[in-house]
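Everything below belongs to input-v6.tsv, which stores TSV, C-alpha atoms and all ligand atoms.
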chain	number	residue	atom	x	y	z
K	1	MET	CA	77.65	91.33	116.95
K	2	ALA	CA	77.74	87.84	118.50
K	3	ASP	CA	78.17	87.40	122.27
K	4	ILE	CA	81.46	86.27	123.75
K	5	PRO	CA	81.21	82.65	124.90
K	6	GLN	CA	82.24	81.61	128.42
K	7	SER	CA	85.92	80.76	128.29
K	8	GLY	CA	86.89	79.04	131.57
K	9	LEU	CA	89.55	80.18	134.01
K	10	VAL	CA	91.94	82.08	131.74
K	11	GLY	CA	90.89	85.72	131.79
K	12	LEU	CA	89.77	85.77	135.43
K	13	ASP	CA	91.68	88.24	137.57
K	14	TYR	CA	92.76	87.67	141.15
K	15	LYS	CA	89.57	89.15	142.59
K	16	GLU	CA	87.38	86.94	140.44
K	17	LEU	CA	89.44	83.86	141.33
K	18	SER	CA	89.04	84.80	145.02
K	19	SER	CA	85.25	84.93	144.74
K	20	LEU	CA	85.28	81.63	142.88
K	21	ALA	CA	87.38	79.97	145.59
K	22	GLN	CA	85.11	81.43	148.23
K	23	LYS	CA	81.99	80.21	146.43
K	24	LEU	CA	83.48	76.72	146.38
K	25	GLY	CA	84.31	76.90	150.12
K	26	GLN	CA	88.07	77.19	149.64
K	27	PRO	CA	90.56	79.38	151.52
K	28	ASP	CA	91.79	82.49	149.73
K	29	TYR	CA	95.32	81.17	149.16
K	30	ARG	CA	93.81	78.74	146.64
K	31	ALA	CA	92.98	81.75	144.48
K	32	ARG	CA	96.61	82.85	144.65
K	33	GLN	CA	97.76	79.35	143.64
K	34	LEU	CA	95.36	79.36	140.70
K	35	PHE	CA	96.48	82.83	139.62
K	36	GLU	CA	100.14	81.71	139.73
K	37	ALA	CA	99.34	78.59	137.71
K	38	LEU	CA	97.32	80.46	135.07
K	39	TYR	CA	99.59	83.41	134.38
K	40	PRO	CA	103.25	83.35	135.53
K	41	GLN	CA	103.50	79.55	135.19
K	42	ARG	CA	101.35	79.40	132.04
K	43	LEU	CA	100.02	75.92	132.87
K	44	GLN	CA	97.68	74.49	130.29
K	45	ALA	CA	95.52	72.03	132.23
K	46	LEU	CA	94.10	71.79	135.73
K	47	GLU	CA	95.75	68.36	136.16
K	48	SER	CA	99.13	70.10	136.02
K	49	VAL	CA	98.32	72.44	138.92
K	50	SER	CA	99.88	70.21	141.55
K	51	THR	CA	99.52	72.86	144.26
K	52	LEU	CA	95.74	72.37	144.25
K	53	PRO	CA	94.05	69.39	145.94
K	54	LYS	CA	92.41	66.92	143.60
K	55	GLU	CA	88.94	67.61	145.04
K	56	PHE	CA	89.19	71.33	144.30
K	57	ARG	CA	90.29	70.65	140.74
K	58	ALA	CA	87.33	68.30	140.31
K	59	MET	CA	85.00	70.95	141.74
K	60	LEU	CA	86.32	73.52	139.28
K	61	LYS	CA	85.88	71.14	136.38
K	62	SER	CA	82.32	70.36	137.38
K	63	GLN	CA	81.63	74.12	137.12
K	64	GLY	CA	83.04	74.19	133.59
K	65	MET	CA	86.14	75.95	134.92
K	66	GLU	CA	89.02	74.46	132.94
K	67	ILE	CA	92.25	76.04	131.79
K	68	GLN	CA	91.71	76.56	128.12
K	69	HIS	CA	94.14	78.25	125.76
K	70	PRO	CA	93.14	78.99	122.17
K	71	ARG	CA	93.84	75.87	120.10
K	72	ILE	CA	96.51	76.08	117.40
K	73	GLU	CA	94.58	75.23	114.26
K	74	LYS	CA	97.43	75.90	111.85
K	75	CYS	CA	100.90	77.44	111.80
K	76	PHE	CA	102.50	79.10	108.80
K	77	HIS	CA	106.28	79.51	108.90
K	78	SER	CA	107.94	82.32	106.97
K	79	THR	CA	111.50	82.16	105.70
K	80	ASP	CA	112.26	85.18	107.91
K	81	GLY	CA	111.36	83.28	111.11
K	82	THR	CA	107.90	84.82	111.46
K	83	ILE	CA	105.13	82.40	112.38
K	84	ARG	CA	101.46	83.10	111.70
K	85	TYR	CA	99.20	81.15	114.05
K	86	LEU	CA	95.59	80.46	113.22
K	87	PHE	CA	93.91	80.00	116.61
K	88	ALA	CA	90.50	78.46	117.20
K	89	MET	CA	88.50	79.70	120.17
K	90	ALA	CA	86.12	77.55	122.23
K	91	ASP	CA	83.18	78.38	119.93
K	92	GLY	CA	85.18	77.56	116.79
K	93	GLU	CA	85.79	81.18	115.73
K	94	THR	CA	89.33	81.76	114.52
K	95	VAL	CA	91.79	84.64	114.81
K	96	GLU	CA	95.41	85.12	113.89
K	97	THR	CA	98.42	85.88	116.04
K	98	VAL	CA	101.90	86.53	114.71
K	99	TRP	CA	105.27	85.68	116.26
K	100	MET	CA	108.24	87.70	115.03
K	101	PRO	CA	111.57	86.60	116.47
K	102	GLU	CA	114.80	88.55	116.19
K	103	GLY	CA	118.36	87.44	116.86
K	104	ASP	CA	120.10	84.25	115.77
K	105	GLY	CA	116.90	82.25	115.38
K	106	GLY	CA	114.96	85.10	113.91
K	107	GLU	CA	116.00	85.11	110.35
K	108	ALA	CA	117.24	82.02	108.63
K	109	GLY	CA	117.53	83.91	105.36
K	110	ASP	CA	118.34	80.69	103.50
K	111	GLY	CA	114.84	79.54	102.82
K	112	THR	CA	114.86	77.00	105.64
K	113	GLU	CA	112.32	77.12	108.42
K	114	ALA	CA	113.53	79.48	111.08
K	115	GLY	CA	112.30	80.35	114.54
K	116	ASP	CA	113.02	77.10	116.33
K	117	SER	CA	116.63	77.90	117.01
K	118	GLU	CA	117.93	80.49	119.45
K	119	TRP	CA	116.32	83.92	119.54
K	120	ASP	CA	116.75	86.60	122.13
K	121	ARG	CA	114.02	89.09	121.28
K	122	ALA	CA	110.62	88.69	119.75
K	123	THR	CA	107.32	90.45	119.24
K	124	ILE	CA	103.86	88.91	119.42
K	125	CYS	CA	101.15	90.64	117.41
K	126	VAL	CA	97.81	89.92	119.08
K	127	SER	CA	94.22	90.12	117.80
K	128	SER	CA	91.47	91.82	119.79
K	129	GLN	CA	88.35	90.98	117.74
K	130	VAL	CA	87.16	88.31	115.32
K	131	GLY	CA	87.40	90.41	112.14
K	132	CYS	CA	87.13	94.19	112.22
K	133	ALA	CA	84.42	96.77	111.61
K	134	VAL	CA	86.65	99.74	110.85
K	135	ASN	CA	86.93	98.94	107.16
K	136	CYS	CA	90.29	100.47	106.27
K	137	GLN	CA	90.46	100.06	102.51
K	138	PHE	CA	94.02	98.74	102.42
K	139	CYS	CA	93.48	96.00	105.03
K	140	LEU	CA	92.59	92.37	104.40
K	141	THR	CA	91.05	91.92	107.86
K	142	ALA	CA	88.47	94.55	106.94
K	143	LEU	CA	87.11	92.24	104.27
K	144	LEU	CA	85.83	89.93	107.02
K	145	GLY	CA	83.65	92.48	108.78
K	146	VAL	CA	83.42	92.02	112.57
K	147	LYS	CA	81.92	88.87	114.08
K	148	ARG	CA	82.53	89.37	117.76
K	149	ASN	CA	84.82	90.79	120.41
K	150	LEU	CA	87.41	88.57	122.02
K	151	SER	CA	87.21	88.11	125.78
K	152	ALA	CA	90.15	89.16	127.98
K	153	GLY	CA	90.91	85.45	128.36
K	154	GLU	CA	91.03	84.95	124.60
K	155	ILE	CA	93.38	87.92	124.20
K	156	VAL	CA	95.71	86.79	127.01
K	157	GLY	CA	95.28	83.19	125.82
K	158	GLN	CA	96.87	84.01	122.44
K	159	VAL	CA	99.97	85.29	124.25
K	160	LEU	CA	100.13	82.30	126.62
K	161	ALA	CA	99.70	79.80	123.80
K	162	VAL	CA	102.41	81.41	121.64
K	163	LEU	CA	104.85	81.75	124.57
K	164	ASN	CA	104.36	78.07	125.40
K	165	ASP	CA	104.65	76.98	121.80
K	166	ARG	CA	107.90	78.93	121.46
K	167	LYS	CA	109.07	77.78	124.92
K	168	ALA	CA	109.76	81.39	125.83
K	169	ASP	CA	111.52	82.19	129.08
K	170	LEU	CA	110.54	85.75	129.96
K	171	ALA	CA	113.31	86.03	132.54
K	172	ARG	CA	115.91	85.44	129.86
K	173	GLN	CA	114.31	86.52	126.61
K	174	ARG	CA	112.72	89.82	125.77
K	175	VAL	CA	109.24	89.66	124.32
K	176	ASN	CA	107.17	92.66	123.21
K	177	ILE	CA	103.45	92.62	122.60
K	178	VAL	CA	101.71	94.71	119.98
K	179	PHE	CA	97.94	94.86	119.85
K	180	MET	CA	97.91	95.29	116.11
K	181	GLY	CA	96.41	92.05	114.88
K	182	MET	CA	92.83	91.57	113.77
K	183	GLY	CA	90.37	94.09	115.16
K	184	GLU	CA	90.31	97.57	116.68
K	185	PRO	CA	91.30	97.16	120.36
K	186	PHE	CA	89.56	100.42	121.33
K	187	LEU	CA	86.23	99.04	120.09
K	188	ASN	CA	86.69	96.19	122.59
K	189	TYR	CA	88.09	98.44	125.29
K	190	PRO	CA	87.12	96.75	128.61
K	191	ASN	CA	88.34	93.32	127.47
K	192	PHE	CA	91.49	94.77	125.94
K	193	MET	CA	92.34	96.68	129.15
K	194	LYS	CA	91.59	93.69	131.35
K	195	ALA	CA	93.95	91.63	129.18
K	196	VAL	CA	96.62	94.32	129.61
K	197	ARG	CA	96.27	94.13	133.41
K	198	LEU	CA	96.52	90.33	133.38
K	199	LEU	CA	99.61	90.50	131.18
K	200	THR	CA	101.33	93.00	133.47
K	201	GLU	CA	100.22	91.74	136.91
K	202	GLY	CA	100.02	88.08	135.96
K	203	VAL	CA	102.22	87.02	133.07
K	204	GLY	CA	104.93	89.56	133.86
K	205	PHE	CA	105.09	91.95	130.91
K	206	PRO	CA	106.19	95.49	131.77
K	207	GLU	CA	103.76	98.04	130.32
K	208	SER	CA	106.67	99.55	128.39
K	209	ARG	CA	106.90	96.35	126.29
K	210	MET	CA	103.37	96.66	125.00
K	211	THR	CA	101.99	98.91	122.28
K	212	VAL	CA	98.40	99.30	121.16
K	213	SER	CA	97.45	100.68	117.80
K	214	THR	CA	94.18	102.48	117.15
K	215	SER	CA	92.59	103.73	113.98
K	216	GLY	CA	91.47	106.81	115.95
K	217	ILE	CA	88.58	106.06	118.33
K	218	ILE	CA	88.81	109.48	119.97
K	219	PRO	CA	86.81	108.96	123.22
K	220	ARG	CA	88.84	105.84	123.99
K	221	ILE	CA	92.16	107.64	123.33
K	222	HIS	CA	91.20	110.10	126.07
K	223	GLU	CA	90.15	107.30	128.43
K	224	PHE	CA	93.31	105.33	127.67
K	225	GLY	CA	95.47	108.31	128.61
K	226	GLU	CA	93.95	108.20	132.12
K	227	GLU	CA	94.80	104.53	132.75
K	228	PRO	CA	97.29	104.01	135.60
K	229	VAL	CA	98.89	101.11	133.72
K	230	ARG	CA	98.83	101.20	129.96
K	231	PRO	CA	100.78	100.15	126.86
K	232	LYS	CA	102.34	102.74	124.58
K	233	LEU	CA	100.02	104.31	122.03
K	234	ALA	CA	100.31	104.10	118.26
K	235	ILE	CA	97.91	105.93	115.97
K	236	SER	CA	97.25	104.53	112.54
K	237	LEU	CA	97.42	107.80	110.58
K	238	ASN	CA	97.86	106.75	106.94
K	239	ALA	CA	96.91	110.08	105.39
K	240	SER	CA	97.91	113.71	105.60
K	241	ASN	CA	94.55	115.34	104.90
K	242	ASP	CA	90.86	114.59	105.46
K	243	ALA	CA	90.03	113.93	101.82
K	244	VAL	CA	92.55	111.09	101.52
K	245	ARG	CA	91.97	109.77	105.03
K	246	SER	CA	88.20	109.60	104.65
K	247	ALA	CA	88.64	107.76	101.35
K	248	ILE	CA	90.94	105.09	102.79
K	249	MET	CA	89.73	105.05	106.42
K	250	PRO	CA	85.97	105.67	106.67
K	251	ILE	CA	86.33	106.12	110.46
K	252	ASN	CA	87.74	109.57	109.57
K	253	LYS	CA	84.23	110.73	108.66
K	254	LYS	CA	83.24	110.27	112.29
K	255	TRP	CA	86.45	111.53	113.90
K	256	ASN	CA	88.41	113.70	111.49
K	257	LEU	CA	92.08	114.62	111.46
K	258	GLU	CA	91.62	117.77	113.49
K	259	MET	CA	89.98	115.78	116.29
K	260	LEU	CA	92.57	113.03	115.99
K	261	MET	CA	95.54	115.37	116.14
K	262	GLN	CA	94.00	117.24	119.06
K	263	ALA	CA	93.63	113.94	120.93
K	264	ALA	CA	97.26	113.17	120.06
K	265	ARG	CA	98.39	116.56	121.37
K	266	ASP	CA	96.38	116.12	124.58
K	267	PHE	CA	97.63	112.59	125.20
K	268	PRO	CA	99.59	112.49	128.48
K	269	LEU	CA	102.93	110.97	127.53
K	270	ARG	CA	105.16	109.53	130.23
K	271	ASN	CA	108.79	110.56	130.66
K	272	ARG	CA	110.74	109.82	127.50
K	273	GLU	CA	107.68	108.23	125.89
K	274	ARG	CA	106.90	109.01	122.27
K	275	LEU	CA	103.66	108.61	120.43
K	276	THR	CA	103.92	106.48	117.31
K	277	PHE	CA	102.17	107.35	114.08
K	278	GLU	CA	101.85	104.54	111.60
K	279	TYR	CA	101.62	105.41	107.97
K	280	VAL	CA	100.96	102.75	105.35
K	281	LEU	CA	102.24	104.09	102.03
K	282	LEU	CA	99.88	103.39	99.14
K	283	ASN	CA	101.35	104.04	95.74
K	284	GLY	CA	100.01	107.25	94.19
K	285	THR	CA	97.42	107.74	96.95
K	286	ASN	CA	99.15	109.09	100.07
K	287	ASP	CA	102.88	108.79	99.33
K	288	SER	CA	103.85	111.97	97.46
K	289	VAL	CA	106.29	114.65	98.55
K	290	ALA	CA	103.32	116.99	99.14
K	291	HIS	CA	101.72	114.41	101.44
K	292	ALA	CA	104.97	114.07	103.39
K	293	ARG	CA	105.07	117.84	103.88
K	294	GLU	CA	101.50	117.79	105.15
K	295	VAL	CA	102.44	115.05	107.65
K	296	VAL	CA	105.25	117.28	108.94
K	297	GLU	CA	102.71	120.04	109.62
K	298	LEU	CA	100.24	117.64	111.24
K	299	VAL	CA	102.65	116.20	113.79
K	300	ARG	CA	104.62	119.37	114.48
K	301	GLY	CA	105.11	119.86	118.21
K	302	ILE	CA	104.10	116.31	119.17
K	303	ARG	CA	106.77	114.12	120.79
K	304	CYS	CA	106.47	111.31	118.29
K	305	LYS	CA	108.00	109.03	115.73
K	306	VAL	CA	106.56	107.92	112.41
K	307	ASN	CA	106.68	104.33	111.19
K	308	LEU	CA	106.42	104.06	107.43
K	309	ILE	CA	105.11	100.79	106.06
K	310	ALA	CA	105.05	100.13	102.32
K	311	LEU	CA	101.70	98.50	101.57
K	312	ASN	CA	101.58	94.75	101.87
K	313	PRO	CA	99.73	93.78	98.75
K	314	GLY	CA	96.96	91.20	98.91
K	315	PRO	CA	94.08	89.85	96.87
K	316	GLY	CA	91.04	92.11	96.97
K	317	ILE	CA	93.07	95.24	97.80
K	318	GLU	CA	93.06	97.84	95.06
K	319	PHE	CA	96.14	99.79	96.10
K	320	GLY	CA	99.69	99.23	94.94
K	321	MET	CA	103.03	99.11	96.68
K	322	PRO	CA	105.19	102.26	96.38
K	323	THR	CA	108.69	102.06	94.94
K	324	GLU	CA	111.75	102.16	97.22
K	325	GLN	CA	112.51	105.66	95.89
K	326	ARG	CA	109.09	107.04	96.85
K	327	VAL	CA	109.39	105.53	100.33
K	328	GLN	CA	112.88	106.96	100.72
K	329	ALA	CA	111.81	110.43	99.53
K	330	PHE	CA	108.89	110.42	102.00
K	331	GLN	CA	111.16	109.41	104.87
K	332	ASN	CA	113.76	112.05	103.96
K	333	ILE	CA	111.24	114.88	104.16
K	334	LEU	CA	110.17	113.82	107.66
K	335	MET	CA	113.74	113.34	108.84
K	336	LYS	CA	114.83	116.72	107.49
K	337	ALA	CA	112.01	118.30	109.49
K	338	GLY	CA	113.42	116.63	112.64
K	339	ILE	CA	110.75	113.93	112.88
K	340	PRO	CA	112.15	110.47	113.62
K	341	ALA	CA	110.85	108.32	110.75
K	342	PHE	CA	111.52	104.62	110.28
K	343	VAL	CA	110.77	102.37	107.36
K	344	ARG	CA	109.41	99.15	108.86
K	345	ARG	CA	110.72	96.02	107.29
K	346	PRO	CA	107.76	93.81	106.40
K	347	ARG	CA	107.73	90.53	108.31
K	348	GLY	CA	106.25	87.31	107.04
K	349	ARG	CA	104.92	88.83	103.84
K	350	ASP	CA	105.24	85.42	102.13
K	351	ILE	CA	102.79	83.87	104.62
K	352	TYR	CA	100.32	86.77	104.83
K	353	ALA	CA	101.48	87.68	108.32
K	354	ALA	CA	102.47	91.27	107.63
K	355	CYS	CA	100.51	94.38	108.65
K	356	GLY	CA	97.00	94.46	107.24
K	357	GLN	CA	97.31	90.92	105.89
K	358	LEU	CA	95.56	88.96	108.63
K	359	LYS	CA	92.57	87.35	107.06
K	360	ARG	CA	92.38	83.87	108.52
K	361	THR	CA	93.69	82.46	105.27
K	362	VAL	CA	94.21	78.75	105.72
K	363	ALA	CA	96.74	78.13	102.97
F	401	LIG	S1	93.85	98.28	109.66
F	401	LIG	FE1	93.25	97.65	111.75
F	401	LIG	S2	91.49	99.00	112.23
F	401	LIG	FE2	91.74	99.09	110.00
F	401	LIG	S3	90.35	97.48	109.22
F	401	LIG	FE3	92.40	96.54	109.47
F	401	LIG	S4	92.34	95.60	111.50
F	401	LIG	FE4	90.65	97.08	111.41
Can you present the structure in this file as structure tokens?
Ligand code: SF4
Amino acid sequence: MADIPQSGLVGLDYKELSSLAQKLGQPDYRARQLFEALYPQRLQALESVSTLPKEFRAMLKSQGMEIQHPRIEKCFHSTDGTIRYLFAMADGETVETVWMPEGDGGEAGDGTEAGDSEWDRATICVSSQVGCAVNCQFCLTALLGVKRNLSAGEIVGQVLAVLNDRKADLARQRVNIVFMGMGEPFLNYPNFMKAVRLLTEGVGFPESRMTVSTSGIIPRIHEFGEEPVRPKLAISLNASNDAVRSAIMPINKKWNLEMLMQAARDFPLRNRERLTFEYVLLNGTNDSVAHAREVVELVRGIRCKVNLIALNPGPGIEFGMPTEQRVQAFQNILMKAGIPAFVRRPRGRDIYAACGQLKRTVA
């Protein structure tokens, strides 16, 4: 896998900014000013950091220390208000980030471009790697393979760039973050966790407004449970038995369902927190009544909810989308067994922004 290129100031935490200021002969409060400019204020260029003397800014620049957000290469607007951003990183690699507004500006519903008018809640779906190595058979990102990890700065940078583009005011508007874009966050764990800390301590996101989804990297699930500050956990389940799961998610051959469900049972949930299981329904593969009954047995006793997602079809994916009736029947079996189960409405399907559809398509 390729190395992560140096990406400037965004991604440095307060301690690192302190050592940088010290190295450049500056008092420590300069680090605090930089931190404020980078994260809560979301400034996009050193010239805009008026709290810093010109000489210090010039010194930083001479060290290659600029404020660099991922560059918006392209934006695709869905009729439902969703925006898919294609971001270019400093080395030219691209990833996708999705903005899903809700409220008045969220859904135009009339075929006009939405998302620029008023919204009061939104979710940003963030990528953690360029491509993905996990190879889930129903996912378009998998077709890319993995090129490299994203740095913490590149992960946080996606959020900063989208918030600025949408002119979000976090004091007034509620924004959630889901780490469910391209990549498996738990295969880029240190950078992912550093990004989480910068988003909570710096940008101002409460940990309760963030969710990370994993395909089931067991050792990292255990480690994640020990983190003092962490997003909520979602497990991408997608099958009710090992035969089906290994066929559609090869990662299951390394960490099977028994190990996964044990990790789920052992996961230390906070007060009133629920684990989320995501289940992409693939017509005729994992969406029968018998499969639903197996899911009930699997999750029994775990404080959880299940999100059901009807497959988002795409070129190169061999599975089909289940009918409404099959989805409904699956949901009913879970609900009758007392398991909260929700059918997730696909967002931005027309622009390839929905779950499993992120492929860096440029049209
Ligand atoms: S579903 Fe997630 S983990 Fe699986 S291949 Fe796609 S991006 Fe990777």
Legend entry - Residues near stretch 247-249 of chain K, cut-off 7 Å, all atoms listed in the file, skip fewer than 6 positions along chain, as number ranges by chain: K: 135-137
Legend entry - Shell of 9 Å around K:Ala264, only C-alpha atoms, local chain residues under 6 positions omitted, as a PyMOL selection string: chain K and resi 221+235+275+299+302
Legend entry - Residues within 8 Å of ligand LIG 401 (chain F), counting all atoms listed in the file, as a list of chain:residue names: K:Gly131, K:Cys132, K:Ala133, K:Val134, K:Asn135, K:Cys136, K:Gln137, K:Phe138, K:Cys139, K:Leu140, K:Thr141, K:Ala142, K:Leu143, K:Met180, K:Gly181, K:Met182, K:Gly183, K:Glu184, K:Ser213, K:Thr214, K:Ser215, K:Ser236, K:Met249, K:Cys355, K:Gly356, K:Leu358
4 Å per side around stretch 295-301 of chain K: axis-aligned box centre and edge lengths, as JSON:
{"center_x": 102.7, "center_y": 117.5, "center_z": 112.9, "size_x": 13.0, "size_y": 13.0, "size_z": 18.6}
Exercise: K:Asn149 partners within 8 Å, all atoms listed in the file, chain neighbours under 2 positions left out, as a JSON list (two decimals) with C-alpha atoms, in the coordinates of the input:
[["chain", "number", "residue", "atom", "x", "y", "z"],
["K", 1, "MET", "CA", 77.65, 91.33, 116.95],
["K", 2, "ALA", "CA", 77.74, 87.84, 118.50],
["K", 3, "ASP", "CA", 78.17, 87.40, 122.27],
["K", 4, "ILE", "CA", 81.46, 86.27, 123.75],
["K", 128, "SER", "CA", 91.47, 91.82, 119.79],
["K", 129, "GLN", "CA", 88.35, 90.98, 117.74],
["K", 130, "VAL", "CA", 87.16, 88.31, 115.32],
["K", 147, "LYS", "CA", 81.92, 88.87, 114.08],
["K", 151, "SER", "CA", 87.21, 88.11, 125.78],
["K", 188, "ASN", "CA", 86.69, 96.19, 122.59]]
Legend entry - Between atom CA of K:Ile67 and atom CA of K:Arg32 - distance in Å to one decimal: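 Atom-to-atom, atom CA of K:Arg32 to atom CA of K:Ile67, that is 15.2 Å.
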Inset, instruction - Please indicate the distance in Å from atom CA of K:Gly25 to atom CA of K:Glu66, rounded to one decimal place. - result: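 Those two atoms sit 18.0 Å apart.
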Inset, instruction - Pick out the closest residue to K:Lys194 from this set: K:Val95, K:Arg303, K:Glu318, K:Leu150. Count only C-alpha atoms. - result: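 Ranking K:Val95, K:Arg303, K:Glu318, K:Leu150 by distance to K:Lys194, first place goes to K:Leu150.
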Inset, instruction - Give me the residues within 8 Å of stretch 278-285 of chain K as number ranges by chain, counting only C-alpha atoms and dropping any in the same chain fewer than 5 places off. - result: K: 234-239, 244, 306-311, 319-323, 327
Please list, as a JSON list (two decimals) with C-alpha atoms, in the coordinates of the input, the residues that have an atom at most 12 Å away from (105.0, 76.3, 121.7) in the coordinates of this file, counting all atoms listed in the file.
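Just written: result32.json:
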[["chain", "number", "residue", "atom", "x", "y", "z"],
["K", 42, "ARG", "CA", 101.35, 79.40, 132.04],
["K", 44, "GLN", "CA", 97.68, 74.49, 130.29],
["K", 69, "HIS", "CA", 94.14, 78.25, 125.76],
["K", 71, "ARG", "CA", 93.84, 75.87, 120.10],
["K", 72, "ILE", "CA", 96.51, 76.08, 117.40],
["K", 75, "CYS", "CA", 100.90, 77.44, 111.80],
["K", 83, "ILE", "CA", 105.13, 82.40, 112.38],
["K", 85, "TYR", "CA", 99.20, 81.15, 114.05],
["K", 99, "TRP", "CA", 105.27, 85.68, 116.26],
["K", 115, "GLY", "CA", 112.30, 80.35, 114.54],
["K", 116, "ASP", "CA", 113.02, 77.10, 116.33],
["K", 158, "GLN", "CA", 96.87, 84.01, 122.44],
["K", 159, "VAL", "CA", 99.97, 85.29, 124.25],
["K", 160, "LEU", "CA", 100.13, 82.30, 126.62],
["K", 161, "ALA", "CA", 99.70, 79.80, 123.80],
["K", 162, "VAL", "CA", 102.41, 81.41, 121.64],
["K", 163, "LEU", "CA", 104.85, 81.75, 124.57],
["K", 164, "ASN", "CA", 104.36, 78.07, 125.40],
["K", 165, "ASP", "CA", 104.65, 76.98, 121.80],
["K", 166, "ARG", "CA", 107.90, 78.93, 121.46],
["K", 167, "LYS", "CA", 109.07, 77.78, 124.92],
["K", 168, "ALA", "CA", 109.76, 81.39, 125.83],
["K", 169, "ASP", "CA", 111.52, 82.19, 129.08]]
Legend entry - Separation of atom CA of K:Gly216 from atom CA of K:Ile333, in Å and rounded to one decimal: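 Value for the atom CA of K:Gly216-atom CA of K:Ile333 distance: 24.4 Å.
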Inset, instruction - Identify, on the basis of all atoms listed in the file, every residue whose closest approach to stretch 13-22 of chain K does not exceed 10 Å; exclude the query and any residue fewer than 5 positions from it along the same chain; express the result as a PyMOL selection string. - result: chain K and resi 27-36+38-39+56+60+65+152-153+194-195+197-198+201-202
Legend entry - Counting only C-alpha atoms, the residue of K:Val156, K:Asn271, K:Glu73, K:Arg347 that sits nearest K:Gly204: K:Val156
